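Read through the structure below, which is laid out as structure tokens, and then see the notes.
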Amino acid sequence: MGEISVLDSNIEHMVRMAILHIIQLGTKHGVFKVISRGATQREVLDSLDIPNKKLLLEFLNTLKAIGIVEERDGRLKLNGFSYRLDVPKNHYEALLPGWVAVLEEIYRMVDYAFITPTHPHVLMDFDKDADFWDIRMNTDFAALYREVIAKTGGIGQGSSVLDLGCGSVSPYEFGKRIGYDGLYVGVDYSPAILEIARARVEGESLPVELKELDLKLLRPVNEYQTTVMSFIFEYLKPEDYRRVLRRALGTLRPGGSLIILEPFRDNFRHIEALEFFEKLNKDFKRFPAMSEVASLIADEGFDASIKRLGRSLLKVTLKP
Amino acid sequence: MFTKKVIKFAIDNNSAVFQQPVFCKIKGNSNACRNAGGRAVDTMIIDPQVLRSIHRSELRKRILLYLSEIYPSATYLSEIARIVGSDPSNVRGALVGLGNRYNGESSLVYLGLVEEVSNNGFKYYRLTEYGKKVVEYLREYYRYYRKFM
């Protein structure tokens with residue numbers, strides 16, 4: 001199985017596991033019990049002893065989006081949702097254990113977030129919980145997607161790379177990969193995550209520059225061989241996609257590539273289940289669709305080729 | 001009577017106790033592919049709550065850093081106390097817990113960061129492989145914790 005297929009298989013399995021945990025949460029917190037009585041959405045919200053009503057409403061919307069619950073004549077109904085989880089051998093061989101433990105921790109956080117979104121056991125804030133994010137970005141899954149990005153974007157000795165939403169691990173990993181005759185510029189809006197990244201990079205004297213910046217304010221000045229956007233669109237409002245994409249493409253030199261990695265919502269059925277857990281981070285919006293990102297790029301009029309690689313990777317290459 | 005500061009002897013790596021399985025952590029790009037190929041993976045567990053708790057405790061942090069300096073060697077309690085500049089009873093509390101004053105559940109041995117080894121009637125303490133990884137994280141997060149915690 002190729003690395004991109006392994007990546008897709010793992011994302012697919014994240015979604016499958018998330019569905020099971022959604023069902024578990026609905027059972028544990030009595031949501032299904034109340035819905036089975038044919039309650040209205042308001043009645044469900046009022047009757048359950050869950051203080052964080054906003055998250056409960058989000059949970060109900062997730063149930064509707066997945067198709068576990070439907071709303072008819074103003075009442076919520078369980079619609080006999082049936083879900084089958086296959087365990088094919090070749091699929092499991094490709095599974096990486098690292099993300100399972102991280103997602104398990106996030107599933108557990110929901111119980112505390114149902115009390116209050118600022119509960120100390122909810123570790124999803126980029127600044128307050130940058131250590132959690134760093135550990136997440138250190139898993140085998142994260143190592144795999146960095147490997148896929150590097151290979152797809154041709155990142156190697158002497159490369160010049162702009163990483164939009166770089167996080168705390170990529171600067172070190174990509175910095176090592178490009179060596180002392182290359183350049184890596186990492187941009188992130190979390191000062192805490194950048195602090196961890198700096199601590200890691202400084203001791204190694206790597207050719208890495210780190211900048212704290214909101215992507216929406218990005219102004220292309222220099223040109224790079226590769227620009228990376230991994231797991232970043234999910235924190236942008238869809239109305240900002242076009243502007244950010246235009247500017248990201250504007251950072252490329254002729255022949256350069258923009259690598260976009262996302263669990264694209266049009267390629268992973270029931271992705272709303274995974275989104276529910278990711279929304280414990282207040283900045284999370286939704287996973288983008290591959291088709292909308294690709295069509296926005298095409299609309300921008302860049303002389304570029306767009307390559308869809310598997311279900312979670314887009315490579316946009318400017319003509320030389 | 002011991003005259004050496006550091007006692008070296010073989011210790012079984014499997015004696016470390018791992019608590020609170022929360023996250024798997026693997027560094028480097030090669031591991032993902034190694035795992036994808038079906039070979040062994042590093043599934044060491046790191047919990048940010050444990051890291052934060054240790055960061056807040058100056059004594060536990062100093063003990064870990066000292067044991068990290070002499071890793072993989074082991075040493076005895078009074079030597080650790082002398083190096084970290086604390087009372088042996090406090091060091092014992094940080095290592096294994098001590099009555100109500102030091103919560104055993106947050107002790108370094110209980111958390112699997114340090115292992116206690118008996119040899120000829122004496123007890124020695126050594127950083128575990130897991131403890132070594134936790135120290136690496138503590139070092140990497142030091143500035144972040146100072147600024148943001």
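Note on naming: chains are A, B, ... as they come in the structure tokens, residues start from 1 per chain, ligands start from 1 in the order shown.
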
Near chain B, meaning an atom within 7 Å, which residues of chain A appear when counting only C-alpha atoms? Write them as number ranges by chain.
A: 93-96, 98, 101-102, 105, 128, 131-132, 135, 138-141, 143-144, 147, 192, 195-196, 199-200

Secondary structure check, helix (DSSP H, G or I) residues of region 98-211 of chain A, as a PyMOL selection string
chain A and resi 98-113+130-136+140-152+170-178+191-202

Contacts of Gly80 (chain A) at 10 Å or less, counting only C-alpha atoms, minus same-chain residues fewer than 3 places along, as a PDB file with N, CA and C atoms, in the first residue's frame?
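To be explicit, this is the file written out as part_18.pdb:
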```pdb
ATOM      1  N   GLY A  67     -26.939  11.219  10.020  1.00  0.00           N
ATOM      2  CA  GLY A  67     -28.133  10.462   9.638  1.00  0.00           C
ATOM      3  C   GLY A  67     -28.628   9.533  10.737  1.00  0.00           C
ATOM      4  N   ILE A  68     -28.116   9.722  11.950  1.00  0.00           N
ATOM      5  CA  ILE A  68     -28.590   8.902  13.070  1.00  0.00           C
ATOM      6  C   ILE A  68     -29.972   9.410  13.507  1.00  0.00           C
ATOM      7  N   VAL A  69     -30.152  10.710  13.393  1.00  0.00           N
ATOM      8  CA  VAL A  69     -31.410  11.351  13.813  1.00  0.00           C
ATOM      9  C   VAL A  69     -31.924  12.183  12.650  1.00  0.00           C
ATOM     10  N   GLU A  70     -33.241  12.219  12.499  1.00  0.00           N
ATOM     11  CA  GLU A  70     -33.822  13.140  11.512  1.00  0.00           C
ATOM     12  C   GLU A  70     -34.891  13.982  12.191  1.00  0.00           C
ATOM     13  N   LYS A  77     -36.283  12.323  15.492  1.00  0.00           N
ATOM     14  CA  LYS A  77     -36.577  10.884  15.480  1.00  0.00           C
ATOM     15  C   LYS A  77     -35.315  10.096  15.159  1.00  0.00           C
ATOM     16  N   TYR A  83     -24.919   0.852  10.964  1.00  0.00           N
ATOM     17  CA  TYR A  83     -23.531   1.124  10.625  1.00  0.00           C
ATOM     18  C   TYR A  83     -22.721  -0.154  10.705  1.00  0.00           C
TER      19      TYR A  83
END
```

For Gly165 (chain A), please output as number ranges by chain all residues within 7 Å (counting only C-alpha atoms; exclusion window: fewer than 4 positions along the same chain).
A: 187-188, 229, 232

With a distance cut-off of 10 Å and only C-alpha atoms, select the neighbouring residues of region 270-285 of chain A, excluding the residue or stretch itself and same-chain residues fewer than 2 positions from it, and output the selection as a ChimeraX atom specification.
/A:11-12,14-23,55,58-59,61-67,103,106-110,113,117-118,122-126,232-238,263-268,287-288

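Residues in contact with Asp111 (chain A) at 10 Å, where only C-alpha atoms are counted and same-chain residues fewer than 6 positions away are skipped, are listed as A:Leu25, A:Lys28, A:His29, A:Ile50, A:His119, A:His121, A:Val122.
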
Could the residues in this selection be written to a file with C-alpha atoms, as a compact mmCIF listing (two decimals), in the first residue's frame?
```txt
# COMPACT_ATOMS: atom_id res chain seq x y z
CA LEU A 25 -21.83 9.64 23.78
CA LYS A 28 -24.01 7.64 27.81
CA HIS A 29 -25.63 11.06 28.16
CA ILE A 50 -25.85 18.87 30.29
CA HIS A 119 -12.88 22.88 31.68
CA HIS A 121 -9.47 18.69 31.12
CA VAL A 122 -10.31 20.08 27.68
```

If you run DSSP on the backbone, which residues of region 50-183 of chain A are strand (DSSP E or B), as a list in words?
Val69, Glu70, Glu71, Arg72, Arg75, Leu76, Lys77, Leu78, Ser160, Val161, Leu162, Asp163, Leu164 and Leu183 of chain A

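Among the candidate residues A:Ser170, A:Leu261, A:Ile178, A:Asp163, the one lying nearest to Leu218 (chain A) is A:Asp163, with distances computed using only C-alpha atoms.
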
Test item: residues at most 12 Å from Ser86 (chain B), only C-alpha atoms, excluding those fewer than 5 positions along its chain, as a PyMOL selection string:
chain B and resi 58-60+62-63+77-81+91-94

Could you take the residues named above and write them with C-alpha atoms, as a PDB file, in the first residue's frame?
```pdb
ATOM      1  CA  GLU B  58      10.653  22.332  41.301  1.00  0.00           C
ATOM      2  CA  LEU B  59      11.934  19.408  43.359  1.00  0.00           C
ATOM      3  CA  ARG B  60      10.516  16.663  41.136  1.00  0.00           C
ATOM      4  CA  ARG B  62      15.363  18.832  39.622  1.00  0.00           C
ATOM      5  CA  ILE B  63      15.399  15.146  40.530  1.00  0.00           C
ATOM      6  CA  LEU B  77      18.544   8.753  47.729  1.00  0.00           C
ATOM      7  CA  SER B  78      20.977  10.726  49.875  1.00  0.00           C
ATOM      8  CA  GLU B  79      23.116  11.459  46.833  1.00  0.00           C
ATOM      9  CA  ILE B  80      20.109  12.774  44.920  1.00  0.00           C
ATOM     10  CA  ALA B  81      19.171  14.912  47.936  1.00  0.00           C
ATOM     11  CA  VAL B  91      13.314  13.660  47.948  1.00  0.00           C
ATOM     12  CA  ARG B  92      11.857  10.378  49.149  1.00  0.00           C
ATOM     13  CA  GLY B  93       8.396  11.970  49.040  1.00  0.00           C
ATOM     14  CA  ALA B  94       8.937  13.140  45.472  1.00  0.00           C
TER      15      ALA B  94
END
```

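Straight-line separation from CA of Arg311 (chain A) to CA of Ser190 (chain A): 28.0 Å.
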